[in-house]
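**Q** Enclosed is the structure file start_39.tsv (TSV, C-alpha atoms and all ligand atoms).
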chain	number	residue	atom	x	y	z
A	16	MET	CA	145.40	129.48	52.77
A	17	THR	CA	147.56	126.40	52.58
A	18	ASP	CA	148.32	124.90	49.21
A	19	ASP	CA	146.10	121.87	49.68
A	20	LEU	CA	143.09	124.04	50.51
A	21	GLN	CA	143.80	126.39	47.63
A	22	SER	CA	143.99	123.53	45.17
A	23	LEU	CA	140.76	121.99	46.57
A	24	ARG	CA	139.08	125.32	45.97
A	25	ASP	CA	140.52	125.59	42.44
A	26	ASP	CA	139.57	121.98	41.61
A	27	THR	CA	136.05	122.47	42.88
A	28	GLU	CA	135.59	125.67	40.92
A	29	ALA	CA	136.83	123.97	37.75
A	30	ALA	CA	134.57	120.96	38.32
A	31	LEU	CA	131.57	123.25	38.84
A	32	ARG	CA	132.32	125.06	35.62
A	33	ARG	CA	132.51	121.74	33.77
A	34	ALA	CA	129.20	120.54	35.22
A	35	ALA	CA	126.83	121.11	32.34
A	36	ASP	CA	123.60	120.12	34.05
A	37	LEU	CA	122.11	119.68	37.51
A	38	ARG	CA	123.03	116.02	37.67
A	39	ALA	CA	126.71	116.72	37.08
A	40	TRP	CA	126.48	119.63	39.49
A	41	ASP	CA	125.08	117.38	42.22
A	42	ALA	CA	127.91	114.91	41.72
A	43	VAL	CA	130.42	117.71	42.33
A	44	ARG	CA	128.56	118.86	45.41
A	45	VAL	CA	128.55	115.37	46.90
A	46	SER	CA	132.21	114.78	46.02
A	47	VAL	CA	133.21	117.86	48.07
A	48	LEU	CA	130.65	118.35	50.84
A	49	GLY	CA	129.08	114.87	50.98
A	50	LYS	CA	129.64	112.32	53.73
A	51	SER	CA	132.79	111.03	52.07
A	52	GLY	CA	133.54	114.28	50.26
A	53	THR	CA	137.01	115.76	50.09
A	54	LEU	CA	136.29	118.69	52.42
A	55	THR	CA	134.44	116.50	54.88
A	56	ALA	CA	137.50	114.21	54.98
A	57	LEU	CA	139.77	117.18	55.79
A	58	LEU	CA	137.45	118.22	58.62
A	59	LYS	CA	137.53	114.70	60.02
A	60	GLN	CA	141.34	114.74	59.98
A	61	LEU	CA	141.38	117.93	62.09
A	62	GLY	CA	141.70	115.86	65.30
A	63	GLY	CA	145.09	114.57	64.13
A	64	VAL	CA	146.52	118.02	63.52
A	65	PRO	CA	149.07	119.18	66.13
A	66	ALA	CA	147.32	121.31	68.78
A	67	GLU	CA	149.20	124.53	67.98
A	68	GLN	CA	148.09	124.45	64.32
A	69	ARG	CA	144.59	123.16	64.91
A	70	ARG	CA	142.88	126.51	65.48
A	71	ASP	CA	144.14	128.13	62.33
A	72	ARG	CA	143.58	125.01	60.32
A	73	GLY	CA	140.04	124.68	61.67
A	74	ALA	CA	139.22	128.31	60.92
A	75	ALA	CA	140.63	127.98	57.39
A	76	LEU	CA	138.64	124.83	56.72
A	77	ASN	CA	135.43	126.46	57.92
A	78	ARG	CA	135.99	129.50	55.74
A	79	LEU	CA	136.70	127.27	52.78
A	80	LYS	CA	133.56	125.26	53.53
A	81	ASP	CA	131.46	128.45	53.50
A	82	ASP	CA	133.11	129.67	50.31
A	83	LEU	CA	132.60	126.34	48.56
A	84	ALA	CA	128.98	126.17	49.68
A	85	THR	CA	128.41	129.64	48.23
A	86	LEU	CA	130.11	128.71	44.94
A	87	ILE	CA	128.12	125.50	44.68
A	88	GLU	CA	124.80	127.28	45.31
A	89	ALA	CA	125.65	129.99	42.76
A	90	ARG	CA	126.38	127.35	40.13
A	91	ARG	CA	123.07	125.65	40.91
A	92	GLY	CA	121.26	128.92	40.22
A	93	GLU	CA	123.02	129.27	36.86
A	94	LEU	CA	122.23	125.73	35.81
A	95	GLU	CA	118.58	125.98	36.81
A	96	ALA	CA	118.18	129.19	34.84
A	97	ALA	CA	119.84	127.57	31.81
A	98	GLU	CA	117.58	124.53	32.04
A	99	LEU	CA	114.47	126.68	32.19
A	100	ASP	CA	115.66	128.68	29.18
A	101	ALA	CA	116.22	125.46	27.20
A	102	ARG	CA	112.75	124.18	28.08
A	103	LEU	CA	111.08	127.42	27.14
A	104	ALA	CA	112.95	127.44	23.83
A	105	ALA	CA	111.93	123.84	23.10
A	106	GLU	CA	108.28	124.46	23.94
A	107	ARG	CA	108.02	127.69	22.06
A	108	VAL	CA	104.90	128.06	19.94
A	109	ASP	CA	105.30	129.94	16.72
A	110	VAL	CA	102.08	131.89	16.62
A	111	THR	CA	102.97	133.23	13.19
A	112	ALA	CA	103.18	129.73	11.58
A	113	PRO	CA	100.42	129.08	9.03
A	114	PRO	CA	97.78	126.55	10.23
A	115	ARG	CA	98.10	122.98	8.99
A	116	PRO	CA	95.49	122.16	6.34
A	117	ARG	CA	92.59	120.29	7.93
A	118	GLU	CA	91.00	117.46	5.94
A	119	THR	CA	87.23	117.44	6.20
A	120	GLY	CA	85.23	114.39	5.25
A	121	SER	CA	82.22	114.70	3.00
A	122	ILE	CA	78.90	112.96	2.53
A	123	HIS	CA	78.87	110.46	-0.35
A	124	PRO	CA	76.22	111.35	-2.96
A	125	ILE	CA	74.35	108.08	-2.25
A	126	SER	CA	74.15	108.82	1.48
A	127	ARG	CA	73.17	112.38	0.69
A	128	THR	CA	70.34	111.26	-1.60
A	129	MET	CA	69.10	108.76	0.97
A	130	GLU	CA	69.12	111.44	3.67
A	131	GLU	CA	67.12	113.72	1.42
A	132	MET	CA	64.66	110.94	0.60
A	133	ALA	CA	64.25	110.09	4.27
A	134	ALA	CA	63.60	113.76	5.06
A	135	ILE	CA	60.93	114.13	2.36
A	136	PHE	CA	59.13	110.87	3.10
A	137	GLY	CA	59.56	111.45	6.82
A	138	ALA	CA	57.65	114.71	6.44
A	139	MET	CA	54.86	112.69	4.77
A	140	GLY	CA	54.64	110.37	7.77
A	141	PHE	CA	56.70	107.43	6.50
A	142	THR	CA	59.09	105.69	8.88
A	143	ILE	CA	62.19	103.74	7.86
A	144	ALA	CA	62.27	99.95	7.66
A	145	GLU	CA	65.22	97.64	7.04
A	146	GLY	CA	65.84	94.07	6.00
A	147	PRO	CA	68.73	91.70	5.28
A	148	ASP	CA	70.79	91.70	2.07
A	149	VAL	CA	70.76	87.90	1.96
A	150	GLU	CA	67.15	86.87	1.42
A	151	SER	CA	65.16	83.69	1.14
A	152	ASP	CA	63.72	82.88	-2.25
A	153	TRP	CA	60.27	83.28	-0.71
A	154	HIS	CA	60.80	86.82	0.62
A	155	ASN	CA	62.52	88.03	-2.56
A	156	PHE	CA	60.20	86.28	-5.05
A	157	GLY	CA	57.52	83.88	-3.78
A	158	ALA	CA	55.65	86.17	-1.40
A	159	LEU	CA	55.77	88.89	-4.05
A	160	ASN	CA	53.81	86.72	-6.45
A	161	ILE	CA	56.84	85.65	-8.46
A	162	PRO	CA	56.71	81.84	-8.18
A	163	ALA	CA	59.47	79.55	-9.47
A	164	HIS	CA	59.69	79.63	-13.29
A	165	HIS	CA	57.80	82.93	-13.46
A	166	PRO	CA	59.23	84.87	-16.42
A	167	ALA	CA	59.78	87.96	-14.21
A	168	ARG	CA	62.61	86.07	-12.51
A	169	ALA	CA	64.61	86.24	-15.70
A	170	ASP	CA	64.66	90.07	-15.47
A	171	HIS	CA	66.44	90.04	-12.17
A	172	ASP	CA	69.87	88.50	-13.02
A	173	THR	CA	69.85	86.98	-9.56
A	174	PHE	CA	72.95	86.07	-7.55
A	175	TYR	CA	72.11	82.69	-5.99
A	176	LEU	CA	73.91	81.48	-2.88
A	177	PRO	CA	74.58	77.83	-1.93
A	178	PRO	CA	71.37	76.15	-0.67
A	179	THR	CA	71.12	75.73	3.10
A	180	ALA	CA	69.55	72.24	2.74
A	181	PRO	CA	69.60	69.76	-0.15
A	182	GLY	CA	66.73	70.50	-2.54
A	183	ALA	CA	65.76	73.75	-0.76
A	184	PRO	CA	65.54	76.87	-2.92
A	185	PRO	CA	68.88	78.67	-2.61
A	186	PRO	CA	69.03	81.98	-0.73
A	187	VAL	CA	69.67	85.02	-2.91
A	188	LEU	CA	71.28	88.41	-2.64
A	189	ARG	CA	68.10	90.49	-2.71
A	190	THR	CA	67.45	91.73	-6.23
A	191	HIS	CA	65.25	94.58	-4.99
A	192	THR	CA	64.12	96.13	-1.70
A	193	SER	CA	60.58	94.75	-2.13
A	194	PRO	CA	61.24	91.78	0.25
A	195	VAL	CA	61.32	94.37	3.03
A	196	GLN	CA	57.67	95.12	2.17
A	197	VAL	CA	56.96	91.49	2.93
A	198	ARG	CA	58.91	91.53	6.19
A	199	THR	CA	57.20	94.74	7.32
A	200	MET	CA	53.69	93.41	6.60
A	201	LEU	CA	54.48	90.16	8.42
A	202	ARG	CA	55.87	92.01	11.42
A	203	GLU	CA	53.51	94.94	11.83
A	204	LYS	CA	49.79	95.52	11.84
A	205	PRO	CA	48.32	97.89	9.26
A	206	PRO	CA	47.92	100.81	8.73
A	207	LEU	CA	51.54	101.05	7.60
A	208	ARG	CA	53.72	103.67	5.99
A	209	VAL	CA	57.38	102.76	5.50
A	210	VAL	CA	60.27	103.52	3.22
A	211	VAL	CA	63.22	101.18	2.79
A	212	MET	CA	66.62	102.25	1.56
A	213	GLY	CA	69.37	99.77	0.98
A	214	ARG	CA	71.67	97.70	-1.17
A	215	THR	CA	70.37	95.46	-3.90
A	216	TYR	CA	72.24	93.07	-6.21
A	217	ARG	CA	71.96	91.98	-9.84
A	218	ALA	CA	74.52	90.25	-12.06
A	219	ASP	CA	74.90	93.17	-14.44
A	220	HIS	CA	77.82	95.53	-14.97
A	221	ASP	CA	78.32	98.45	-17.37
A	222	ALA	CA	78.26	102.26	-17.36
A	223	THR	CA	74.68	102.35	-16.09
A	224	HIS	CA	74.49	99.04	-14.17
A	225	SER	CA	76.45	97.91	-11.15
A	226	PRO	CA	76.18	94.42	-9.57
A	227	MET	CA	75.49	96.22	-6.29
A	228	PHE	CA	73.28	99.30	-6.28
A	229	HIS	CA	70.76	100.97	-3.97
A	230	GLN	CA	67.00	101.18	-4.08
A	231	LEU	CA	64.38	103.16	-2.29
A	232	GLU	CA	61.14	101.31	-1.65
A	233	GLY	CA	57.89	102.71	-0.32
A	234	LEU	CA	54.86	100.93	1.10
A	235	ALA	CA	51.62	102.37	2.40
A	236	ILE	CA	48.75	100.18	3.63
A	237	ASP	CA	45.43	101.52	4.86
A	238	ARG	CA	41.71	100.88	4.56
A	239	ASP	CA	40.95	103.21	1.70
A	240	LEU	CA	44.11	104.04	-0.20
A	241	THR	CA	43.66	104.63	-3.92
A	242	LEU	CA	45.71	105.20	-7.02
A	243	GLY	CA	45.11	108.92	-6.38
A	244	HIS	CA	47.06	108.71	-3.11
A	245	LEU	CA	49.89	106.93	-4.88
A	246	LYS	CA	50.04	109.57	-7.57
A	247	GLY	CA	49.89	112.49	-5.15
A	248	CYS	CA	52.60	110.98	-2.97
A	249	LEU	CA	54.99	110.38	-5.86
A	250	ILE	CA	54.35	113.72	-7.58
A	251	ASP	CA	55.08	115.53	-4.31
A	252	PHE	CA	58.18	113.45	-3.72
A	253	LEU	CA	59.63	113.92	-7.22
A	254	ARG	CA	59.03	117.67	-7.31
A	255	SER	CA	60.49	118.07	-3.85
A	256	PHE	CA	63.50	115.81	-4.45
A	257	PHE	CA	64.49	117.43	-7.73
A	258	GLY	CA	63.59	120.89	-6.47
A	259	ILE	CA	61.43	121.69	-9.51
A	260	ALA	CA	57.98	122.84	-8.44
A	261	ASP	CA	56.35	122.20	-11.84
A	262	LEU	CA	58.28	119.07	-12.83
A	263	PRO	CA	56.07	117.16	-15.30
A	264	VAL	CA	55.23	113.67	-13.99
A	265	ARG	CA	53.54	111.00	-16.11
A	266	PHE	CA	52.07	107.66	-15.00
A	267	ARG	CA	52.20	104.90	-17.58
A	268	ALA	CA	50.49	101.50	-17.30
A	269	SER	CA	53.02	98.74	-16.76
A	270	TYR	CA	53.41	95.34	-15.18
A	271	PHE	CA	54.92	94.05	-11.96
A	272	PRO	CA	53.84	90.71	-10.49
A	273	PHE	CA	53.40	92.26	-7.03
A	274	THR	CA	51.25	95.28	-7.96
A	275	GLU	CA	47.94	95.53	-9.77
A	276	PRO	CA	47.46	97.87	-11.47
A	277	SER	CA	51.10	98.77	-12.01
A	278	MET	CA	52.49	102.04	-13.27
A	279	GLU	CA	55.82	103.21	-14.42
A	280	VAL	CA	56.52	106.85	-13.67
A	281	ASP	CA	58.23	109.23	-16.07
A	282	ILE	CA	59.48	112.76	-15.46
A	283	GLY	CA	59.92	115.54	-17.99
A	284	TRP	CA	63.38	116.37	-19.30
A	285	ASN	CA	65.30	117.52	-22.31
A	286	ARG	CA	66.97	114.48	-23.84
A	287	ARG	CA	69.56	116.59	-25.68
A	288	THR	CA	70.74	118.76	-22.77
A	289	GLY	CA	69.93	116.35	-19.94
A	290	GLU	CA	68.08	119.13	-18.15
A	291	LEU	CA	65.11	118.06	-16.04
A	292	GLY	CA	61.77	119.84	-16.34
A	293	GLY	CA	59.45	120.71	-19.19
A	294	GLY	CA	61.90	119.89	-21.97
A	295	GLY	CA	59.42	117.93	-24.06
A	296	ASP	CA	60.89	114.43	-23.51
A	297	TRP	CA	60.04	111.74	-20.95
A	298	LEU	CA	62.39	109.77	-18.76
A	299	GLU	CA	61.38	106.65	-16.87
A	300	ILE	CA	62.30	106.98	-13.23
A	301	LEU	CA	60.46	104.49	-11.03
A	302	GLY	CA	58.04	101.59	-10.73
A	303	SER	CA	54.87	101.63	-8.67
A	304	GLY	CA	51.40	100.21	-8.24
A	305	MET	CA	48.64	99.11	-5.90
A	306	VAL	CA	49.82	96.17	-3.78
A	307	HIS	CA	48.51	92.95	-5.35
A	308	PRO	CA	45.80	91.28	-3.21
A	309	LYS	CA	47.77	88.02	-3.37
A	310	VAL	CA	50.80	89.75	-1.85
A	311	LEU	CA	48.67	91.15	0.99
A	312	ALA	CA	47.24	87.70	1.64
A	313	ASN	CA	50.70	86.09	1.50
A	314	CYS	CA	51.75	88.49	4.24
A	315	GLY	CA	48.74	87.87	6.49
A	316	ILE	CA	46.81	91.03	5.60
A	317	ASP	CA	43.16	90.70	4.59
A	318	PRO	CA	42.88	92.19	1.07
A	319	THR	CA	39.12	92.69	1.47
A	320	VAL	CA	39.80	95.17	4.30
A	321	TRP	CA	43.21	96.64	3.50
A	322	GLN	CA	44.82	97.94	0.39
A	323	GLY	CA	47.88	99.94	-0.36
A	324	PHE	CA	50.42	101.21	-2.78
A	325	ALA	CA	54.12	100.57	-3.28
A	326	PHE	CA	56.93	102.03	-5.31
A	327	GLY	CA	60.60	101.45	-5.94
A	328	MET	CA	63.41	103.42	-7.52
A	329	GLY	CA	67.16	103.36	-8.00
A	330	VAL	CA	69.04	105.67	-5.65
A	331	GLU	CA	72.06	105.99	-7.98
A	332	ARG	CA	69.82	106.71	-10.93
A	333	VAL	CA	68.00	109.64	-9.32
A	334	THR	CA	71.29	110.92	-7.91
A	335	MET	CA	72.86	110.88	-11.38
A	336	LEU	CA	69.89	112.75	-12.82
A	337	LYS	CA	69.76	115.31	-10.05
A	338	HIS	CA	73.47	116.14	-10.12
A	339	GLY	CA	74.25	115.50	-13.79
A	340	ILE	CA	76.58	112.58	-13.04
A	341	PRO	CA	77.19	110.73	-16.33
A	342	ASP	CA	78.71	107.42	-15.18
A	343	LEU	CA	77.64	105.01	-12.45
A	344	ARG	CA	81.00	103.35	-11.81
A	345	PRO	CA	82.76	106.20	-9.93
A	346	PHE	CA	80.12	105.92	-7.18
A	347	TYR	CA	82.03	102.91	-5.86
A	348	GLU	CA	85.63	103.79	-6.76
A	349	GLY	CA	86.42	106.18	-3.90
A	350	ASP	CA	88.30	108.55	-6.22
A	351	ILE	CA	88.95	111.60	-4.05
A	352	ARG	CA	88.67	114.01	-7.00
A	353	TRP	CA	85.21	112.67	-7.90
A	354	LEU	CA	84.13	112.81	-4.27
A	355	ARG	CA	85.39	116.38	-3.90
A	356	HIS	CA	83.29	117.31	-6.88
A	357	TYR	CA	80.03	115.53	-6.09
A	358	ALA	CA	80.03	114.84	-2.34
A	359	ALA	CA	78.24	117.20	0.03
A	360	SER	CA	79.70	119.13	2.92
A	361	PRO	CA	78.77	117.56	6.25
A	362	PHE	CA	78.13	121.07	7.53
A	363	ALA	CA	75.62	122.04	4.85
A	364	PRO	CA	72.05	121.78	6.10
A	365	THR	CA	70.11	118.85	4.67
A	366	MET	CA	67.88	119.96	1.84
A	367	LEU	CA	64.38	120.14	3.24
A	368	HIS	CA	61.72	121.51	0.98
A	369	GLU	CA	58.76	123.52	2.04
A	370	GLY	CA	55.30	122.41	1.24
A	371	VAL	CA	55.79	118.64	1.54
A	401	LIG	N1	60.81	96.08	-7.06
A	401	LIG	C1	60.69	96.70	-8.35
A	401	LIG	C2	62.01	96.63	-9.10
A	401	LIG	O1	63.00	96.43	-8.50
A	401	LIG	C3	60.25	98.14	-8.24
A	401	LIG	C4	58.87	98.27	-7.67
A	401	LIG	C5	58.68	98.36	-6.32
A	401	LIG	C6	57.76	98.29	-8.49
A	401	LIG	C7	57.41	98.50	-5.78
A	401	LIG	C8	56.49	98.42	-7.99
A	401	LIG	C9	56.32	98.52	-6.63
A	401	LIG	O2	62.06	96.79	-10.29
Write the structure described by the file as structure tokens, please.

**A**
Amino acid sequence: MTDDLQSLRDDTEAALRRAADLRAWDAVRVSVLGKSGTLTALLKQLGGVPAEQRRDRGAALNRLKDDLATLIEARRGELEAAELDARLAAERVDVTAPPRPRETGSIHPISRTMEEMAAIFGAMGFTIAEGPDVESDWHNFGALNIPAHHPARADHDTFYLPPTAPGAPPPVLRTHTSPVQVRTMLREKPPLRVVVMGRTYRADHDATHSPMFHQLEGLAIDRDLTLGHLKGCLIDFLRSFFGIADLPVRFRASYFPFTEPSMEVDIGWNRRTGELGGGGDWLEILGSGMVHPKVLANCGIDPTVWQGFAFGMGVERVTMLKHGIPDLRPFYEGDIRWLRHYAASPFAPTMLHEGV
């Protein structure tokens, strides 16, 4: 082999060794065998070689071409294998690595209580009704037999909003869920059986009062409902909700402008230990009564044909009692430690009691 061919072979071999990836390899291939590659150029010059040398020169060039092609292909094989190895190494899955901790959300105690309430009242045939948080004075007070200047208004620590028209009574943040009673009676024909769960607002803030809290409201309207139905419904609910089959329940005469007669409801507990049940003490838990005939009439229902009962209770309050939560404020603080302690697993079945 002549010197120039030998050095082309050596140079090509060296360049192939230096080519670290397939791109570099392809550049070498093109620079030798490509259209303007070095070997191609030598083949083109063959015509100018003196006739007596041409045969040998041609044969040598062809041999070199075959050799170089073989070398180039071999290097391609090496580089492809190396690239595959690198990819496999990069994509390797360590099946022995410990799993990453998975964060699971949980059900806030208020949502959990409301789900439980909905399940119990749902089993009794109540459906769920809703209403707006921003209410007219009439829905929140007037229709419920609490006219302007009625002393009951003073109990509500109302948040008033700017009036929508000069001289008009200002809208309010609803101080209770009872306006949804009004909306339901105006919208639907009796007989009715609804529960309402939602946010309510009063300008009050300490360990047992929050300016925003939740209430559950119930309303049943039919032709012949009595105080007995009201009592049976609430006794069943309270025993089922607290999971105490013999929970003492006491009805005590009271006053609400929108019910007549009105009753406050107490449950038995032990004041010293906080334990619910037959502990000898009484704890007030909710307000109730027979819907006042004036309220029925205000909502377009004939009180000589229809009557009904209603009740309302604080969702936070019953949640605190049920789970022994001492302070109201953490309900709204989103402290993950508190939530871990009191929130429910989303995978736990909803508490549904037999016999409701
Ligand atoms: N709305 C009353 C309150 O917030 C509770 C209640 C509702 C009382 C229905 C009687 C009937 O205090």

**Q** Let me have all residues with an atom within 7 Å of ligand LIG 401 (chain A), counting all atoms listed in the file, laid out as JSON, numbers by chain.

**A** {"A": [190, 191, 192, 193, 232, 233, 271, 273, 274, 277, 301, 302, 303, 304, 325, 326, 327, 328]}

**Q** Give me the residues of region 130-177 of chain A that have any atom at most 8 Å from an atom of region 213-227 of chain A; for each, the nearest atom pair and the distance in Å, rounded to one decimal. Use only C-alpha atoms, sort by chain and number, and format it as a Markdown table.

**A**
| residue | atom | partner | partner_atom | distance |
| --- | --- | --- | --- | --- |
| A:Glu145 | CA | A:Gly213 | CA | 7.6 |
| A:Asp148 | CA | A:Arg214 | CA | 6.9 |
| A:His171 | CA | A:Arg217 | CA | 6.3 |
| A:Asp172 | CA | A:Ala218 | CA | 5.1 |
| A:Thr173 | CA | A:Arg217 | CA | 5.4 |
| A:Phe174 | CA | A:Ala218 | CA | 6.3 |

**Q** So that I can check the surroundings of Ile125 (chain A), please list as a ChimeraX atom specification every protein, DNA and RNA residue that reaches within 9 Å of it, counting only C-alpha atoms and ignoring chain neighbours fewer than 3 positions away.

**A** /A:122,128-130,229,330-331,334,346,358

**Q** Which residues are close to Leu58 (chain A), i.e. within 10 Å by all atoms listed in the file, leaving aside same-chain residues fewer than 2 positions away? Reply as a list in words.

**A** Thr53, Leu54, Thr55, Ala56, Gln60, Leu61, Gly62, Arg72, Gly73, Leu76, Asn77 and Lys80 of chain A

**Q** Name the residues in contact with Ala183 (chain A) at a cut-off of 12 Å, using all atoms listed in the file, excluding same-chain residues fewer than 4 positions from it; report them as a count of residues only.

**A** 7

**Q** Determine, counting all atoms listed in the file, every residue of protein, DNA or RNA that lies within 8 Å of (133.5, 127.1, 45.4) in the file coordinates, then give the result as number ranges by chain.

**A** A: 24-25, 27-28, 31, 82-87

**Q** Residues within 10 Å of Met305 (chain A), please, as a list in words. Count only C-alpha atoms; anything in the same chain fewer than 3 positions from it doesn't count.

**A**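 Result of the neighbour search: Leu234, Ala235, Ile236, Leu240, Thr241, Leu242, Leu245, Phe273, Thr274, Glu275, Pro276, Ser277, Met278, Pro308, Gln322, Gly323, Phe324, Ala325 and Phe326 of chain A.
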
**Q** Between CA of Leu311 (chain A) and CA of Met200 (chain A), what is the spacing in Å?

**A**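 Here the two named atoms are 7.9 Å from each other.
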
**Q** Could you check which residues have any atom within 12 Å of (69.5, 114.9, 1.1), counting all atoms listed in the file with coordinates taken straight from the file, and then list them as an mmCIF file with C-alpha atoms, in the frame of the given file?

**A**
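And here is the file that came out, part-v9.cif:
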data_model
loop_
_atom_site.group_PDB
_atom_site.id
_atom_site.type_symbol
_atom_site.label_atom_id
_atom_site.label_comp_id
_atom_site.auth_asym_id
_atom_site.auth_seq_id
_atom_site.Cartn_x
_atom_site.Cartn_y
_atom_site.Cartn_z
ATOM 1 C CA ILE A 122 78.900 112.960 2.530
ATOM 2 C CA HIS A 123 78.870 110.460 -0.350
ATOM 3 C CA PRO A 124 76.220 111.350 -2.960
ATOM 4 C CA ILE A 125 74.350 108.080 -2.250
ATOM 5 C CA SER A 126 74.150 108.820 1.480
ATOM 6 C CA ARG A 127 73.170 112.380 0.690
ATOM 7 C CA THR A 128 70.340 111.260 -1.600
ATOM 8 C CA MET A 129 69.100 108.760 0.970
ATOM 9 C CA GLU A 130 69.120 111.440 3.670
ATOM 10 C CA GLU A 131 67.120 113.720 1.420
ATOM 11 C CA MET A 132 64.660 110.940 0.600
ATOM 12 C CA ALA A 133 64.250 110.090 4.270
ATOM 13 C CA ALA A 134 63.600 113.760 5.060
ATOM 14 C CA ILE A 135 60.930 114.130 2.360
ATOM 15 C CA PHE A 136 59.130 110.870 3.100
ATOM 16 C CA GLY A 137 59.560 111.450 6.820
ATOM 17 C CA SER A 255 60.490 118.070 -3.850
ATOM 18 C CA PHE A 256 63.500 115.810 -4.450
ATOM 19 C CA PHE A 257 64.490 117.430 -7.730
ATOM 20 C CA GLY A 258 63.590 120.890 -6.470
ATOM 21 C CA VAL A 330 69.040 105.670 -5.650
ATOM 22 C CA VAL A 333 68.000 109.640 -9.320
ATOM 23 C CA THR A 334 71.290 110.920 -7.910
ATOM 24 C CA LYS A 337 69.760 115.310 -10.050
ATOM 25 C CA HIS A 338 73.470 116.140 -10.120
ATOM 26 C CA ALA A 358 80.030 114.840 -2.340
ATOM 27 C CA ALA A 359 78.240 117.200 0.030
ATOM 28 C CA SER A 360 79.700 119.130 2.920
ATOM 29 C CA PRO A 361 78.770 117.560 6.250
ATOM 30 C CA ALA A 363 75.620 122.040 4.850
ATOM 31 C CA PRO A 364 72.050 121.780 6.100
ATOM 32 C CA THR A 365 70.110 118.850 4.670
ATOM 33 C CA MET A 366 67.880 119.960 1.840
ATOM 34 C CA LEU A 367 64.380 120.140 3.240
ATOM 35 C CA HIS A 368 61.720 121.510 0.980
#

**Q** Have a look at CA of Ala158 (chain A) and CA of Cys314 (chain A) and let me know their distance in Å, one decimal.

**A**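 Computed distance, CA of Ala158 (chain A) to CA of Cys314 (chain A), equals 7.2 Å.
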
**Q** From the list A:Ala74, A:Cys248, A:Ala105, A:Leu79, which residue is nearest Ala138 (chain A) when using all atoms listed in the file?

**A**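 Between A:Ala74, A:Cys248, A:Ala105, A:Leu79, the residue approaching Ala138 (chain A) most closely is A:Cys248.
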
**Q** Provide the CA of Arg267 (chain A) to CA of Pro166 (chain A) distance in Å, to one decimal place.

**A**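 Atom-to-atom, CA of Arg267 (chain A) and CA of Pro166 (chain A) are spaced 21.3 Å apart.
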
**Q** Which residues are near Arg38 (chain A)? Cut-off 12 Å, all atoms listed in the file, ignore same chain within fewer than 4 positions. Put them as JSON, numbers by chain.

**A** {"A": [31, 33, 34, 42, 43, 44, 45, 91, 94, 95, 98]}

**Q** Limited to C-alpha atoms, could you put the picked residues into a file as a PDB file, in the frame of the given file?

**A**
ATOM      1  CA  LEU A  31     131.570 123.250  38.840  1.00  0.00           C
ATOM      2  CA  ARG A  33     132.510 121.740  33.770  1.00  0.00           C
ATOM      3  CA  ALA A  34     129.200 120.540  35.220  1.00  0.00           C
ATOM      4  CA  ALA A  42     127.910 114.910  41.720  1.00  0.00           C
ATOM      5  CA  VAL A  43     130.420 117.710  42.330  1.00  0.00           C
ATOM      6  CA  ARG A  44     128.560 118.860  45.410  1.00  0.00           C
ATOM      7  CA  VAL A  45     128.550 115.370  46.900  1.00  0.00           C
ATOM      8  CA  ARG A  91     123.070 125.650  40.910  1.00  0.00           C
ATOM      9  CA  LEU A  94     122.230 125.730  35.810  1.00  0.00           C
ATOM     10  CA  GLU A  95     118.580 125.980  36.810  1.00  0.00           C
ATOM     11  CA  GLU A  98     117.580 124.530  32.040  1.00  0.00           C
TER      12      GLU A  98
END

**Q** Find, counting all atoms listed in the file, the residue in A:Val108, A:Arg265, A:Tyr270, A:Asp41 that gets nearest to Ala167 (chain A).

**A**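 That would be A:Tyr270, the residue with the smallest distance to Ala167 (chain A).
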